[in-house]
Amino acid sequence: MDLNTVTQIVRPAGREEIPAWRDGDAYLAGGSWLFSEPQDRLTRLIDLSTLGWEPLRVSDAGLEIAATCTIAQLDGLAAPPAWTAAPLIGQCCRAFLASFKIWNVSTVGGNLCMSLPAGPMISLTTALDGELVIWTAGGGERRVPVLNFVTGNNRNDLRPGEIVRAIHLSRAALTRRTAFRQISLQNVGRSAALIIGTRDANGAFVLTVTASTPRPYQFRFDALPSAGDLTARIDATIDGTWFDDIHGLPAWRRAMTLHFAREIVAELGGGAP
Ligand SMILES: Cc1cc2nc3c(=O)[nH]c(=O)nc-3n(C[C@H](O)[C@H](O)[C@H](O)COP(=O)(O)OP(=O)(O)OC[C@H]3O[C@@H](n4cnc5c(N)ncnc54)[C@H](O)[C@@H]3O)c2cc1C
């Protein structure tokens with residue numbers, strides 16, 4: 001839709017060209033949310049796509065995903081064979097309620113900054129212990145784990161004028177075994193529960209709960225827990241704060257989360273790579 005209150009679009013070619021933040025500004029990434037509903041308080045858009053960031057950088061340290069990397073570009077990554085966690089990337093990209101257009105314009109950084117419970121890039125990067133690089137307003141930089149970045153439904157740790165620059169996934173996280181479960185109320189609806197388990201070579205197990213809660217939760221164990229211990233810990237921690245909206249009732253989201261958690265423990269308890 002047209003954003004009739006916007007009178008200026010800035011297209012910086014480098015960080016030094018990014019204007020000082022003022023009321024009425026918004027950073028423009030893929031625009032799939034910004035242009036999907038009225039934005040009456042906005043007067044200026046600052047386009048991040050012109051900064052020319054390389055979408056994906058594979059190195060011995062792991063993977064750096066530029067905030068402006070699109071879902072389609074991420075899905076197209078040719079991951080090194082040693083990255084056993086790589087199938088999780090495609091599974092999360094497909095967990096989007098997304099048309100062809102959204103898939104091709106919407107960005108990983110935009111998905112994180114929207115901070116919706118059903119943000120599949122939040123699920124992916126939290127489960128793989130991702131760390132965000134944030135450009136601060138004064139020209140500096142800070143880092144924050146994705147787990148701590150998203151603080152609630154459409155709420156996060158971003159301060160006015162800050163830009164998410166990139167997300168780092170370590171090689172250690174990318175070489176874990178993974179198990180993925182997702183469900184939506186309708187066939188192609190928004191995720192109502194998206195649960196990911198990972199297990200490293202030493203047997204340490206991490207369960208990440210997303211979509212069924214307003215923000216991500218993580219449960220860490222040195223060894224695979226029993227299904228009973230795991231579900232008791234989930235219930236005690238989440239304790240009545242299951243997400244409630246048109247895409248699923250809290251009781252159903254809780255039931256699916258506990259069911260998937262049990263399945264994931266069983267799957268990662270097997271010997272398959
Ligand atoms: C039909 C439809 C289906 C959708 N389905 C889903 C879904 O299943 N799950 C889901 O989570 N979302 C969904 N969305 C919402 C949205 O499209 C996605 O969250 C998308 O990933 C946003 O990315 P974008 O690059 O298009 O962000 P934009 O629309 O460009 O920006 C979104 C917000 O993030 C800010 N922003 C973007 N990038 C940065 C950055 N690097 N630093 C600081 N701020 C930034 C913008 O200023 C804006 O406030 C859907 C939207 C539509 C219209």
# chains A, B, ... in the order shown; residues from 1 in each chain; ligands from 1
>>> residues_near_ligand(ligand="ligand 1", cutoff="6 Å", atoms="only C-alpha atoms and all ligand atoms", output="PyMOL selection string")
chain A and resi 26-34+36+67+96-98+106-107+109-111+113-114+116+118-119+163-165+190
>>> write_last_selection(atoms="C-alpha atoms", output="tab-separated table (two decimals), in the first residue's frame")
chain	number	residue	atom	x	y	z
A	26	ALA	CA	11.93	3.91	9.83
A	27	TYR	CA	14.60	1.68	8.34
A	28	LEU	CA	13.36	-0.02	5.20
A	29	ALA	CA	14.50	-3.60	4.60
A	30	GLY	CA	12.28	-5.79	2.39
A	31	GLY	CA	9.22	-3.64	3.15
A	32	SER	CA	6.93	-6.69	3.35
A	33	TRP	CA	5.50	-5.52	6.67
A	34	LEU	CA	6.13	-1.76	6.30
A	36	SER	CA	1.38	-4.04	4.35
A	67	ALA	CA	20.45	-8.38	8.09
A	96	PHE	CA	6.97	-18.64	6.81
A	97	LEU	CA	3.39	-17.80	5.93
A	98	ALA	CA	4.74	-16.27	2.76
A	106	SER	CA	11.58	-10.12	3.13
A	107	THR	CA	14.86	-10.11	5.04
A	109	GLY	CA	16.95	-8.78	9.85
A	110	GLY	CA	13.43	-7.53	9.15
A	111	ASN	CA	12.00	-10.76	10.53
A	113	CYS	CA	13.15	-6.77	14.15
A	114	MET	CA	9.42	-7.48	13.71
A	116	LEU	CA	6.57	-11.68	16.04
A	118	ALA	CA	5.86	-16.74	14.50
A	119	GLY	CA	9.12	-15.25	13.20
A	163	ILE	CA	20.34	-1.04	13.07
A	164	VAL	CA	20.67	-4.80	13.08
A	165	ARG	CA	23.74	-5.33	10.89
A	190	ARG	CA	1.27	-18.75	10.73
>>> residues_around(residues="Arg44 of chain A", least_positions_apart="2", cutoff="12 Å", atoms="only C-alpha atoms", output="list in words")
Leu3, Asn4, Thr5, Val6, Thr7, Gln8, Ile9, Val10, Arg11, Pro19, Ala20, Trp21, Arg22, Asp23, Gly24, Asp25, Ala26, Tyr27, Leu28, Gln39, Asp40, Arg41, Leu42, Ile46 and Asp47 of chain A
>>> atom_distance(atom1="atom CA of Gly90 of chain A", atom2="atom CA of Leu77 of chain A")
9.1 Å
>>> select_by_dssp(residues="segment 63-138 of chain A", states="helix (DSSP H, G or I)", output="PyMOL selection string")
chain A and resi 71-75+87-93+100-105+108-114+120-127
>>> write_last_selection(atoms="C-alpha atoms", output="PDB file, in the first residue's frame")
ATOM      1  CA  ILE A  71      14.703 -15.510   2.951  1.00  0.00           C
ATOM      2  CA  ALA A  72      15.200 -16.787  -0.619  1.00  0.00           C
ATOM      3  CA  GLN A  73      18.953 -16.060  -0.500  1.00  0.00           C
ATOM      4  CA  LEU A  74      19.315 -17.804   2.851  1.00  0.00           C
ATOM      5  CA  ASP A  75      17.375 -20.801   1.597  1.00  0.00           C
ATOM      6  CA  PRO A  87      18.700 -28.594   6.902  1.00  0.00           C
ATOM      7  CA  LEU A  88      17.249 -26.447   9.691  1.00  0.00           C
ATOM      8  CA  ILE A  89      17.792 -23.382   7.490  1.00  0.00           C
ATOM      9  CA  GLY A  90      15.411 -24.606   4.778  1.00  0.00           C
ATOM     10  CA  GLN A  91      12.919 -25.932   7.336  1.00  0.00           C
ATOM     11  CA  CYS A  92      12.703 -22.509   8.998  1.00  0.00           C
ATOM     12  CA  CYS A  93      12.541 -20.618   5.680  1.00  0.00           C
ATOM     13  CA  PHE A 100       6.515 -15.822  -3.585  1.00  0.00           C
ATOM     14  CA  LYS A 101       6.843 -12.046  -3.237  1.00  0.00           C
ATOM     15  CA  ILE A 102       7.408 -12.065   0.514  1.00  0.00           C
ATOM     16  CA  TRP A 103       9.871 -14.968   0.253  1.00  0.00           C
ATOM     17  CA  ASN A 104      11.961 -12.926  -2.220  1.00  0.00           C
ATOM     18  CA  VAL A 105      11.917  -9.496  -0.572  1.00  0.00           C
ATOM     19  CA  VAL A 108      16.315 -12.040   7.948  1.00  0.00           C
ATOM     20  CA  GLY A 109      16.954  -8.785   9.850  1.00  0.00           C
ATOM     21  CA  GLY A 110      13.427  -7.531   9.154  1.00  0.00           C
ATOM     22  CA  ASN A 111      11.995 -10.760  10.529  1.00  0.00           C
ATOM     23  CA  LEU A 112      14.052 -10.445  13.711  1.00  0.00           C
ATOM     24  CA  CYS A 113      13.149  -6.770  14.146  1.00  0.00           C
ATOM     25  CA  MET A 114       9.418  -7.482  13.714  1.00  0.00           C
ATOM     26  CA  PRO A 120      10.908 -18.306  11.776  1.00  0.00           C
ATOM     27  CA  MET A 121      14.260 -16.510  11.546  1.00  0.00           C
ATOM     28  CA  ILE A 122      13.981 -15.955  15.306  1.00  0.00           C
ATOM     29  CA  SER A 123      13.431 -19.702  15.748  1.00  0.00           C
ATOM     30  CA  LEU A 124      16.396 -20.589  13.535  1.00  0.00           C
ATOM     31  CA  THR A 125      18.903 -18.151  14.951  1.00  0.00           C
ATOM     32  CA  THR A 126      17.877 -18.695  18.581  1.00  0.00           C
ATOM     33  CA  ALA A 127      18.120 -22.479  18.234  1.00  0.00           C
TER      34      ALA A 127
END
>>> atom_distance(atom1="atom CA of Thr213 of chain A", atom2="atom CA of Ser226 of chain A")
22.4 Å
>>> decode(residues="segment 23-71 of chain A", atoms="N, CA and C atoms", output="mmCIF file, in the first residue's frame")
data_model
loop_
_atom_site.group_PDB
_atom_site.id
_atom_site.type_symbol
_atom_site.label_atom_id
_atom_site.label_comp_id
_atom_site.auth_asym_id
_atom_site.auth_seq_id
_atom_site.Cartn_x
_atom_site.Cartn_y
_atom_site.Cartn_z
ATOM 1 N N ASP A 23 12.335 11.471 14.939
ATOM 2 C CA ASP A 23 10.957 10.965 15.022
ATOM 3 C C ASP A 23 10.350 10.871 13.626
ATOM 4 N N GLY A 24 9.624 9.790 13.336
ATOM 5 C CA GLY A 24 9.006 9.637 12.017
ATOM 6 C C GLY A 24 9.858 8.831 11.055
ATOM 7 N N ASP A 25 11.069 8.419 11.513
ATOM 8 C CA ASP A 25 11.949 7.603 10.663
ATOM 9 C C ASP A 25 11.623 6.118 10.792
ATOM 10 N N ALA A 26 11.911 5.376 9.740
ATOM 11 C CA ALA A 26 11.928 3.907 9.827
ATOM 12 C C ALA A 26 12.981 3.409 8.861
ATOM 13 N N TYR A 27 13.695 2.353 9.270
ATOM 14 C CA TYR A 27 14.603 1.680 8.338
ATOM 15 C C TYR A 27 13.760 0.778 7.454
ATOM 16 N N LEU A 28 14.080 0.803 6.170
ATOM 17 C CA LEU A 28 13.362 -0.025 5.199
ATOM 18 C C LEU A 28 14.256 -1.197 4.816
ATOM 19 N N ALA A 29 13.754 -2.411 5.038
ATOM 20 C CA ALA A 29 14.499 -3.604 4.602
ATOM 21 C C ALA A 29 13.764 -4.156 3.382
ATOM 22 N N GLY A 30 13.034 -5.281 3.536
ATOM 23 C CA GLY A 30 12.278 -5.794 2.393
ATOM 24 C C GLY A 30 10.965 -5.049 2.189
ATOM 25 N N GLY A 31 10.472 -4.405 3.234
ATOM 26 C CA GLY A 31 9.218 -3.640 3.146
ATOM 27 C C GLY A 31 7.970 -4.505 3.194
ATOM 28 N N SER A 32 8.107 -5.809 3.420
ATOM 29 C CA SER A 32 6.929 -6.688 3.354
ATOM 30 C C SER A 32 5.943 -6.402 4.475
ATOM 31 N N TRP A 33 6.431 -5.954 5.619
ATOM 32 C CA TRP A 33 5.501 -5.517 6.665
ATOM 33 C C TRP A 33 5.239 -4.009 6.550
ATOM 34 N N LEU A 34 6.296 -3.225 6.318
ATOM 35 C CA LEU A 34 6.126 -1.757 6.299
ATOM 36 C C LEU A 34 5.054 -1.324 5.304
ATOM 37 N N PHE A 35 5.010 -2.002 4.141
ATOM 38 C CA PHE A 35 4.045 -1.601 3.111
ATOM 39 C C PHE A 35 2.747 -2.421 3.185
ATOM 40 N N SER A 36 2.576 -3.190 4.272
ATOM 41 C CA SER A 36 1.383 -4.041 4.349
ATOM 42 C C SER A 36 0.264 -3.415 5.164
ATOM 43 N N GLU A 37 0.554 -2.311 5.851
ATOM 44 C CA GLU A 37 -0.505 -1.657 6.631
ATOM 45 C C GLU A 37 -0.177 -0.169 6.777
ATOM 46 N N PRO A 38 -1.170 0.661 7.150
ATOM 47 C CA PRO A 38 -0.893 2.099 7.273
ATOM 48 C C PRO A 38 0.220 2.372 8.282
ATOM 49 N N GLN A 39 1.041 3.380 7.981
ATOM 50 C CA GLN A 39 2.154 3.762 8.882
ATOM 51 C C GLN A 39 2.082 5.268 9.056
ATOM 52 N N ASP A 40 0.990 5.738 9.669
ATOM 53 C CA ASP A 40 0.713 7.173 9.683
ATOM 54 C C ASP A 40 1.764 8.025 10.395
ATOM 55 N N ARG A 41 2.543 7.422 11.299
ATOM 56 C CA ARG A 41 3.520 8.236 12.039
ATOM 57 C C ARG A 41 4.832 8.400 11.261
ATOM 58 N N LEU A 42 4.965 7.719 10.110
ATOM 59 C CA LEU A 42 6.241 7.752 9.379
ATOM 60 C C LEU A 42 6.302 8.892 8.375
ATOM 61 N N THR A 43 7.456 9.577 8.336
ATOM 62 C CA THR A 43 7.666 10.630 7.344
ATOM 63 C C THR A 43 8.897 10.363 6.473
ATOM 64 N N ARG A 44 9.796 9.482 6.956
ATOM 65 C CA ARG A 44 11.024 9.241 6.181
ATOM 66 C C ARG A 44 11.420 7.768 6.286
ATOM 67 N N LEU A 45 11.831 7.209 5.147
ATOM 68 C CA LEU A 45 12.344 5.837 5.133
ATOM 69 C C LEU A 45 13.842 5.866 4.827
ATOM 70 N N ILE A 46 14.605 5.058 5.535
ATOM 71 C CA ILE A 46 16.039 4.942 5.269
ATOM 72 C C ILE A 46 16.274 3.520 4.769
ATOM 73 N N ASP A 47 16.597 3.434 3.481
ATOM 74 C CA ASP A 47 16.672 2.140 2.796
ATOM 75 C C ASP A 47 18.000 1.446 3.123
ATOM 76 N N LEU A 48 17.908 0.260 3.710
ATOM 77 C CA LEU A 48 19.138 -0.464 4.080
ATOM 78 C C LEU A 48 19.700 -1.278 2.913
ATOM 79 N N SER A 49 18.884 -1.496 1.881
ATOM 80 C CA SER A 49 19.326 -2.378 0.791
ATOM 81 C C SER A 49 20.461 -1.750 -0.011
ATOM 82 N N THR A 50 20.564 -0.406 0.013
ATOM 83 C CA THR A 50 21.600 0.257 -0.785
ATOM 84 C C THR A 50 22.973 0.213 -0.105
ATOM 85 N N LEU A 51 23.036 -0.315 1.120
ATOM 86 C CA LEU A 51 24.325 -0.403 1.817
ATOM 87 C C LEU A 51 25.205 -1.499 1.218
ATOM 88 N N GLY A 52 24.590 -2.377 0.440
ATOM 89 C CA GLY A 52 25.366 -3.354 -0.340
ATOM 90 C C GLY A 52 26.044 -4.433 0.484
ATOM 91 N N TRP A 53 25.431 -4.859 1.572
ATOM 92 C CA TRP A 53 26.042 -5.904 2.405
ATOM 93 C C TRP A 53 25.998 -7.256 1.699
ATOM 94 N N GLU A 54 27.109 -7.987 1.788
ATOM 95 C CA GLU A 54 27.147 -9.353 1.235
ATOM 96 C C GLU A 54 26.161 -10.217 2.038
ATOM 97 N N PRO A 55 25.210 -10.881 1.369
ATOM 98 C CA PRO A 55 24.142 -11.564 2.122
ATOM 99 C C PRO A 55 24.633 -12.642 3.075
ATOM 100 N N LEU A 56 25.584 -13.489 2.572
ATOM 101 C CA LEU A 56 25.998 -14.645 3.369
ATOM 102 C C LEU A 56 27.504 -14.798 3.284
ATOM 103 N N ARG A 57 28.166 -14.994 4.428
ATOM 104 C CA ARG A 57 29.615 -15.237 4.411
ATOM 105 C C ARG A 57 29.919 -16.485 5.222
ATOM 106 N N VAL A 58 30.433 -17.482 4.490
ATOM 107 C CA VAL A 58 30.803 -18.751 5.126
ATOM 108 C C VAL A 58 32.297 -18.685 5.439
ATOM 109 N N SER A 59 32.662 -19.043 6.668
ATOM 110 C CA SER A 59 34.089 -19.073 7.025
ATOM 111 C C SER A 59 34.323 -20.219 7.995
ATOM 112 N N ASP A 60 35.582 -20.391 8.419
ATOM 113 C CA ASP A 60 35.889 -21.444 9.404
ATOM 114 C C ASP A 60 35.155 -21.173 10.716
ATOM 115 N N ALA A 61 34.851 -19.893 10.964
ATOM 116 C CA ALA A 61 34.181 -19.537 12.223
ATOM 117 C C ALA A 61 32.692 -19.869 12.180
ATOM 118 N N GLY A 62 32.118 -19.996 10.982
ATOM 119 C CA GLY A 62 30.686 -20.276 10.879
ATOM 120 C C GLY A 62 30.040 -19.459 9.771
ATOM 121 N N LEU A 63 28.867 -18.932 10.060
ATOM 122 C CA LEU A 63 28.091 -18.223 9.035
ATOM 123 C C LEU A 63 27.733 -16.823 9.533
ATOM 124 N N GLU A 64 28.002 -15.825 8.674
ATOM 125 C CA GLU A 64 27.517 -14.478 8.959
ATOM 126 C C GLU A 64 26.389 -14.185 7.982
ATOM 127 N N ILE A 65 25.220 -13.872 8.519
ATOM 128 C CA ILE A 65 24.063 -13.539 7.689
ATOM 129 C C ILE A 65 23.855 -12.029 7.799
ATOM 130 N N ALA A 66 23.927 -11.332 6.666
ATOM 131 C CA ALA A 66 23.651 -9.889 6.714
ATOM 132 C C ALA A 66 22.167 -9.693 7.035
ATOM 133 N N ALA A 67 21.854 -8.637 7.754
ATOM 134 C CA ALA A 67 20.451 -8.383 8.094
ATOM 135 C C ALA A 67 19.603 -8.252 6.835
ATOM 136 N N THR A 68 20.208 -7.781 5.741
ATOM 137 C CA THR A 68 19.458 -7.568 4.506
ATOM 138 C C THR A 68 19.381 -8.818 3.622
ATOM 139 N N CYS A 69 19.937 -9.928 4.075
ATOM 140 C CA CYS A 69 19.818 -11.198 3.321
ATOM 141 C C CYS A 69 18.338 -11.586 3.248
ATOM 142 N N THR A 70 17.863 -11.913 2.058
ATOM 143 C CA THR A 70 16.451 -12.296 1.955
ATOM 144 C C THR A 70 16.264 -13.764 2.358
ATOM 145 N N ILE A 71 15.012 -14.119 2.601
ATOM 146 C CA ILE A 71 14.703 -15.510 2.951
ATOM 147 C C ILE A 71 15.110 -16.418 1.787
#
